[in-house]
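Notes follow the structure.
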Amino acid sequence: MKNRYPFPDLNSLPKDIQQRIAEVQEKTGFIPNVFLAFARRPAEWRAFFAYHDALMLKEEGSLSKGEREMIVTATSAANQCLFCVVAHGAILRIHEKKPLIADQIAVNYRKADISPRERAMLDFAMKVCLRSQDIDDADHEALYPHGFDDEDIWDIAAITAFFGLSNRMASFAGMVPNPEFYLMGRVPREKKA
């Protein structure tokens, strides 16, 4: 497999994008392919990552970072997006400190080792992913007993919808997961000397 669209030369990118990519590379030890794939169109890159960060890095609301990654992993699997399942599955394993969780959620979240709260959240996310036109008040009501409020429910839907876009872009562009993602959260990370 290879990426359908060639990555731009890192040095040719606008300085703000170069800086963000350098920060990610410093933190992870590699550059996730999504950062380079979208960089071919800087205005779209900025919009994409601004919305990504607004949804995935926010501190407000009751969704944990692990729960956010569960949503991405489950819905990306439903959308058959290899890049997002592999990349966000890795992030999920790290946040949850469970090396098996991403595989369980990607294959069948209903049989995964997750809480009733997380199962209800994923039931809702999957309905948004596959049948958003069928969402009604009963779907919202089912989430309240699990500690979700209307803003959390918006977050679940927005994450699902945003990654629906991301899944389709990654799939049509042939975006390949970085090899590093496959082992992240499964084996201990090597310490820098």
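Every chain in the structure tokens has a letter given in the order shown (A, B, ...), and although residue numbers restart at 1 in each chain, ligands are simply numbered from 1 in the order shown.
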Spatial neighbours of Pro8 (chain A), 10 Å, only C-alpha atoms, chain gap at least 3 places, as a VMD selection string
chain A and resid 5 11 to 13 36 to 41
Residues near Phe163 (chain A), cut-off 9 Å, only C-alpha atoms, skip fewer than 6 positions along chain, as a tab-separated table (two decimals) with N, CA and C atoms, in the first residue's frame:
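See around_18.tsv below for the written result:
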```
chain	number	residue	atom	x	y	z
A	52	HIS	N	-10.44	19.39	14.64
A	52	HIS	CA	-9.96	18.20	15.36
A	52	HIS	C	-9.60	18.56	16.79
A	72	VAL	N	-14.00	7.40	17.92
A	72	VAL	CA	-13.29	7.42	16.64
A	72	VAL	C	-13.00	6.01	16.15
A	75	THR	N	-16.44	4.09	15.13
A	75	THR	CA	-17.09	4.61	13.93
A	75	THR	C	-16.17	4.51	12.72
A	76	SER	N	-14.88	4.63	12.91
A	76	SER	CA	-13.94	4.47	11.79
A	76	SER	C	-13.95	3.03	11.30
A	84	CYS	N	-7.60	5.46	10.24
A	84	CYS	CA	-8.13	5.97	11.50
A	84	CYS	C	-8.29	4.88	12.55
```
From the options A:Val86, A:Met121, A:Leu100, A:Leu92, which residue's atoms come nearest to Asn167 (chain A), counting only C-alpha atoms?
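Smallest distance to Asn167 (chain A) is found for A:Val86.
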What lies within 10 Å of Ala142 (chain A) using only C-alpha atoms, ignoring chain neighbours under 5 positions off, as an NGL selection string?
:A and (120-121 or 123-124 or 137 or 148)
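Coordinates place CA of Leu143 (chain A) at a distance of 13.9 Å from CA of Gly61 (chain A).
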Measuring atom to atom with only C-alpha atoms, identify which of A:Ile31, A:Ala125, A:Val24, A:Val176 is nearest to Ala158 (chain A).
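Looking only at the distances to Ala158 (chain A), the closest residue turns out to be A:Ala125.
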Applying 8 Å and only C-alpha atoms, which residues near Arg119 (chain A) remain after dropping the ones on its own chain fewer than 5 positions away? List them as a list in words.
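Residues meeting the cut-off are Tyr109, Arg110 and Ile114 of chain A.
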If you keep C-alpha atoms, can you produce a file of those selected residues as an mmCIF file, in the first residue's frame?
```cif
data_model
loop_
_atom_site.group_PDB
_atom_site.id
_atom_site.type_symbol
_atom_site.label_atom_id
_atom_site.label_comp_id
_atom_site.auth_asym_id
_atom_site.auth_seq_id
_atom_site.Cartn_x
_atom_site.Cartn_y
_atom_site.Cartn_z
ATOM 1 C CA TYR A 109 -17.724 -2.845 20.645
ATOM 2 C CA ARG A 110 -20.798 -4.646 22.056
ATOM 3 C CA ILE A 114 -16.057 -1.535 28.408
#
```
Provide the CA of Arg4 (chain A) to CA of Leu57 (chain A) distance in Å, to one decimal place.
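The value is 29.1 Å.
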Contacts of Ala22 (chain A) at 10 Å (only C-alpha atoms; same-chain gap of 6+ positions) as a ChimeraX atom specification
/A:10,16,28-31
So which residues touch Asn108 (chain A) within 12 Å, counting only C-alpha atoms, skipping near sequence neighbours fewer than 2 positions away, as a list in words?
Met70, Thr73, Ala74, Thr75, Ala77, Ala78, Ile101, Ala102, Asp103, Gln104, Ile105, Ala106, Arg110, Lys111, Ala112, Asp113, Ile114, Arg119, Leu122, Asp123 and Met126 of chain A
How would the residues just picked look written out with N, CA and C atoms as a PDB file, in the first residue's frame?
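Final output, saved to again22.pdb:
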```
ATOM      1  N   MET A  70     -12.481   6.067  21.711  1.00  0.00           N
ATOM      2  CA  MET A  70     -13.384   4.931  21.481  1.00  0.00           C
ATOM      3  C   MET A  70     -14.372   5.254  20.366  1.00  0.00           C
ATOM      4  N   THR A  73     -12.535   5.154  17.038  1.00  0.00           N
ATOM      5  CA  THR A  73     -12.168   3.798  16.636  1.00  0.00           C
ATOM      6  C   THR A  73     -13.382   3.002  16.177  1.00  0.00           C
ATOM      7  N   ALA A  74     -14.470   3.061  16.934  1.00  0.00           N
ATOM      8  CA  ALA A  74     -15.670   2.297  16.575  1.00  0.00           C
ATOM      9  C   ALA A  74     -16.282   2.789  15.267  1.00  0.00           C
ATOM     10  N   THR A  75     -16.435   4.092  15.133  1.00  0.00           N
ATOM     11  CA  THR A  75     -17.086   4.611  13.928  1.00  0.00           C
ATOM     12  C   THR A  75     -16.172   4.508  12.716  1.00  0.00           C
ATOM     13  N   ALA A  77     -14.119   2.080  12.214  1.00  0.00           N
ATOM     14  CA  ALA A  77     -14.236   0.681  11.801  1.00  0.00           C
ATOM     15  C   ALA A  77     -15.512   0.484  10.981  1.00  0.00           C
ATOM     16  N   ALA A  78     -16.605   1.098  11.414  1.00  0.00           N
ATOM     17  CA  ALA A  78     -17.864   0.998  10.657  1.00  0.00           C
ATOM     18  C   ALA A  78     -17.709   1.599   9.267  1.00  0.00           C
ATOM     19  N   ILE A 101      -8.026  -3.204  24.001  1.00  0.00           N
ATOM     20  CA  ILE A 101      -9.283  -2.467  23.877  1.00  0.00           C
ATOM     21  C   ILE A 101      -9.593  -2.012  22.456  1.00  0.00           C
ATOM     22  N   ALA A 102      -8.610  -1.528  21.723  1.00  0.00           N
ATOM     23  CA  ALA A 102      -8.879  -1.000  20.380  1.00  0.00           C
ATOM     24  C   ALA A 102      -9.341  -2.101  19.435  1.00  0.00           C
ATOM     25  N   ASP A 103      -8.731  -3.266  19.519  1.00  0.00           N
ATOM     26  CA  ASP A 103      -9.145  -4.378  18.659  1.00  0.00           C
ATOM     27  C   ASP A 103     -10.573  -4.798  18.990  1.00  0.00           C
ATOM     28  N   GLN A 104     -10.879  -4.869  20.278  1.00  0.00           N
ATOM     29  CA  GLN A 104     -12.225  -5.260  20.681  1.00  0.00           C
ATOM     30  C   GLN A 104     -13.262  -4.265  20.160  1.00  0.00           C
ATOM     31  N   ILE A 105     -12.978  -2.986  20.303  1.00  0.00           N
ATOM     32  CA  ILE A 105     -13.928  -1.963  19.883  1.00  0.00           C
ATOM     33  C   ILE A 105     -14.058  -1.923  18.364  1.00  0.00           C
ATOM     34  N   ALA A 106     -12.962  -2.076  17.661  1.00  0.00           N
ATOM     35  CA  ALA A 106     -13.022  -2.026  16.196  1.00  0.00           C
ATOM     36  C   ALA A 106     -13.791  -3.208  15.614  1.00  0.00           C
ATOM     37  N   ARG A 110     -19.779  -4.088  21.152  1.00  0.00           N
ATOM     38  CA  ARG A 110     -20.798  -4.646  22.056  1.00  0.00           C
ATOM     39  C   ARG A 110     -20.237  -5.789  22.906  1.00  0.00           C
ATOM     40  N   LYS A 111     -19.158  -6.401  22.447  1.00  0.00           N
ATOM     41  CA  LYS A 111     -18.528  -7.489  23.201  1.00  0.00           C
ATOM     42  C   LYS A 111     -17.214  -7.052  23.842  1.00  0.00           C
ATOM     43  N   ALA A 112     -16.882  -5.777  23.723  1.00  0.00           N
ATOM     44  CA  ALA A 112     -15.628  -5.254  24.276  1.00  0.00           C
ATOM     45  C   ALA A 112     -15.720  -5.139  25.795  1.00  0.00           C
ATOM     46  N   ASP A 113     -14.579  -5.118  26.418  1.00  0.00           N
ATOM     47  CA  ASP A 113     -14.470  -4.964  27.866  1.00  0.00           C
ATOM     48  C   ASP A 113     -14.567  -3.477  28.209  1.00  0.00           C
ATOM     49  N   ILE A 114     -15.810  -2.951  28.125  1.00  0.00           N
ATOM     50  CA  ILE A 114     -16.057  -1.535  28.408  1.00  0.00           C
ATOM     51  C   ILE A 114     -17.242  -1.416  29.370  1.00  0.00           C
ATOM     52  N   ARG A 119     -20.626   1.762  26.506  1.00  0.00           N
ATOM     53  CA  ARG A 119     -21.458   1.038  25.536  1.00  0.00           C
ATOM     54  C   ARG A 119     -22.618   1.918  25.064  1.00  0.00           C
ATOM     55  N   LEU A 122     -21.256   4.497  22.692  1.00  0.00           N
ATOM     56  CA  LEU A 122     -20.951   3.942  21.372  1.00  0.00           C
ATOM     57  C   LEU A 122     -22.217   3.538  20.619  1.00  0.00           C
ATOM     58  N   ASP A 123     -23.248   3.102  21.327  1.00  0.00           N
ATOM     59  CA  ASP A 123     -24.531   2.837  20.661  1.00  0.00           C
ATOM     60  C   ASP A 123     -25.012   4.111  19.960  1.00  0.00           C
ATOM     61  N   MET A 126     -22.663   5.096  17.005  1.00  0.00           N
ATOM     62  CA  MET A 126     -22.869   4.245  15.831  1.00  0.00           C
ATOM     63  C   MET A 126     -24.176   4.587  15.122  1.00  0.00           C
TER      64      MET A 126
END
```
Give the helix (DSSP H, G or I) residues of region 6-160 of chain A, as assigned by DSSP on the backbone, as a ChimeraX atom specification.
/A:10-12,15-28,33-38,42-56,65-78,82-96,101-111,116-134,137-141,144-146,150-160
Generate the output file for the selected residues, C-alpha atoms, as a tab-separated table (two decimals), in the first residue's frame.
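The result, written out as part.tsv:
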```
chain	number	residue	atom	x	y	z
A	10	LEU	CA	8.15	19.61	4.65
A	11	ASN	CA	10.41	22.62	4.05
A	12	SER	CA	7.98	24.05	1.48
A	15	LYS	CA	5.89	28.05	9.00
A	16	ASP	CA	2.86	27.49	11.27
A	17	ILE	CA	2.29	24.05	9.75
A	18	GLN	CA	5.99	23.20	9.94
A	19	GLN	CA	5.98	24.18	13.62
A	20	ARG	CA	2.92	22.05	14.48
A	21	ILE	CA	4.36	19.05	12.62
A	22	ALA	CA	7.69	19.48	14.45
A	23	GLU	CA	5.83	19.52	17.80
A	24	VAL	CA	4.00	16.31	16.92
A	25	GLN	CA	7.21	14.67	15.74
A	26	GLU	CA	8.97	15.66	18.97
A	27	LYS	CA	6.15	14.20	21.07
A	28	THR	CA	5.61	10.96	19.12
A	33	ASN	CA	0.92	10.58	7.74
A	34	VAL	CA	-2.32	12.52	8.18
A	35	PHE	CA	-0.32	15.66	8.99
A	36	LEU	CA	1.59	15.42	5.72
A	37	ALA	CA	-1.33	14.26	3.59
A	38	PHE	CA	-3.52	17.25	4.47
A	42	PRO	CA	-2.61	24.48	3.88
A	43	ALA	CA	-5.97	26.25	4.33
A	44	GLU	CA	-7.78	22.90	4.59
A	45	TRP	CA	-5.03	21.56	6.91
A	46	ARG	CA	-5.57	24.48	9.28
A	47	ALA	CA	-9.36	24.09	9.26
A	48	PHE	CA	-9.17	20.32	9.71
A	49	PHE	CA	-6.79	20.42	12.66
A	50	ALA	CA	-8.56	23.38	14.29
A	51	TYR	CA	-11.79	21.39	14.38
A	52	HIS	CA	-9.96	18.20	15.36
A	53	ASP	CA	-8.34	19.97	18.30
A	54	ALA	CA	-11.59	21.66	19.34
A	55	LEU	CA	-13.25	18.24	19.58
A	56	MET	CA	-10.46	15.97	20.75
A	65	LYS	CA	-9.81	11.36	26.08
A	66	GLY	CA	-10.14	7.58	26.02
A	67	GLU	CA	-13.89	7.79	25.41
A	68	ARG	CA	-13.31	10.22	22.56
A	69	GLU	CA	-10.87	7.77	20.99
A	70	MET	CA	-13.38	4.93	21.48
A	71	ILE	CA	-15.87	6.89	19.38
A	72	VAL	CA	-13.29	7.42	16.64
A	73	THR	CA	-12.17	3.80	16.64
A	74	ALA	CA	-15.67	2.30	16.58
A	75	THR	CA	-17.09	4.61	13.93
A	76	SER	CA	-13.94	4.47	11.79
A	77	ALA	CA	-14.24	0.68	11.80
A	78	ALA	CA	-17.86	1.00	10.66
A	82	LEU	CA	-7.84	1.56	8.03
A	83	PHE	CA	-5.80	4.68	8.80
A	84	CYS	CA	-8.13	5.97	11.50
A	85	VAL	CA	-8.74	2.56	13.10
A	86	VAL	CA	-5.00	1.92	13.36
A	87	ALA	CA	-3.95	5.44	14.39
A	88	HIS	CA	-6.78	6.19	16.82
A	89	GLY	CA	-6.77	2.62	18.09
A	90	ALA	CA	-3.17	3.23	19.14
A	91	ILE	CA	-4.12	6.46	20.92
A	92	LEU	CA	-7.04	4.65	22.57
A	93	ARG	CA	-4.76	1.90	23.90
A	94	ILE	CA	-2.45	4.53	25.37
A	95	HIS	CA	-5.21	6.56	27.05
A	96	GLU	CA	-6.98	3.52	28.45
A	101	ILE	CA	-9.28	-2.47	23.88
A	102	ALA	CA	-8.88	-1.00	20.38
A	103	ASP	CA	-9.14	-4.38	18.66
A	104	GLN	CA	-12.22	-5.26	20.68
A	105	ILE	CA	-13.93	-1.96	19.88
A	106	ALA	CA	-13.02	-2.03	16.20
A	107	VAL	CA	-14.32	-5.56	15.70
A	108	ASN	CA	-17.42	-5.48	17.93
A	109	TYR	CA	-17.72	-2.85	20.64
A	110	ARG	CA	-20.80	-4.65	22.06
A	111	LYS	CA	-18.53	-7.49	23.20
A	116	PRO	CA	-22.23	0.35	30.42
A	117	ARG	CA	-21.63	4.12	30.04
A	118	GLU	CA	-19.15	3.55	27.22
A	119	ARG	CA	-21.46	1.04	25.54
A	120	ALA	CA	-24.36	3.53	25.61
A	121	MET	CA	-22.06	6.22	24.21
A	122	LEU	CA	-20.95	3.94	21.37
A	123	ASP	CA	-24.53	2.84	20.66
A	124	PHE	CA	-25.38	6.50	20.12
A	125	ALA	CA	-22.22	7.21	18.09
A	126	MET	CA	-22.87	4.25	15.83
A	127	LYS	CA	-26.43	5.38	15.22
A	128	VAL	CA	-25.13	8.84	14.31
A	129	CYS	CA	-22.55	7.19	12.05
A	130	LEU	CA	-24.90	4.82	10.25
A	131	ARG	CA	-28.42	6.23	10.66
A	132	SER	CA	-28.26	9.83	11.86
A	133	GLN	CA	-31.62	10.52	10.26
A	134	ASP	CA	-33.20	8.15	12.82
A	137	ASP	CA	-35.44	12.12	21.75
A	138	ALA	CA	-35.28	8.52	23.01
A	139	ASP	CA	-31.64	8.31	21.89
A	140	HIS	CA	-30.79	11.36	23.99
A	141	GLU	CA	-32.84	10.09	26.94
A	144	TYR	CA	-28.71	10.85	30.55
A	145	PRO	CA	-28.65	8.02	33.15
A	146	HIS	CA	-25.00	7.40	32.20
A	150	ASP	CA	-26.75	17.62	26.09
A	151	GLU	CA	-23.30	19.14	25.51
A	152	ASP	CA	-21.66	15.72	25.88
A	153	ILE	CA	-24.19	14.30	23.43
A	154	TRP	CA	-23.29	17.06	20.97
A	155	ASP	CA	-19.61	16.11	21.41
A	156	ILE	CA	-20.34	12.44	20.69
A	157	ALA	CA	-22.21	13.38	17.51
A	158	ALA	CA	-19.65	15.98	16.41
A	159	ILE	CA	-16.72	13.59	16.88
A	160	THR	CA	-18.59	10.93	14.92
```
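Counting only C-alpha atoms, the residue from A:Gln80, A:Met184, A:Pro14, A:Pro32 that sits nearest to Phe172 (chain A) is A:Gln80.
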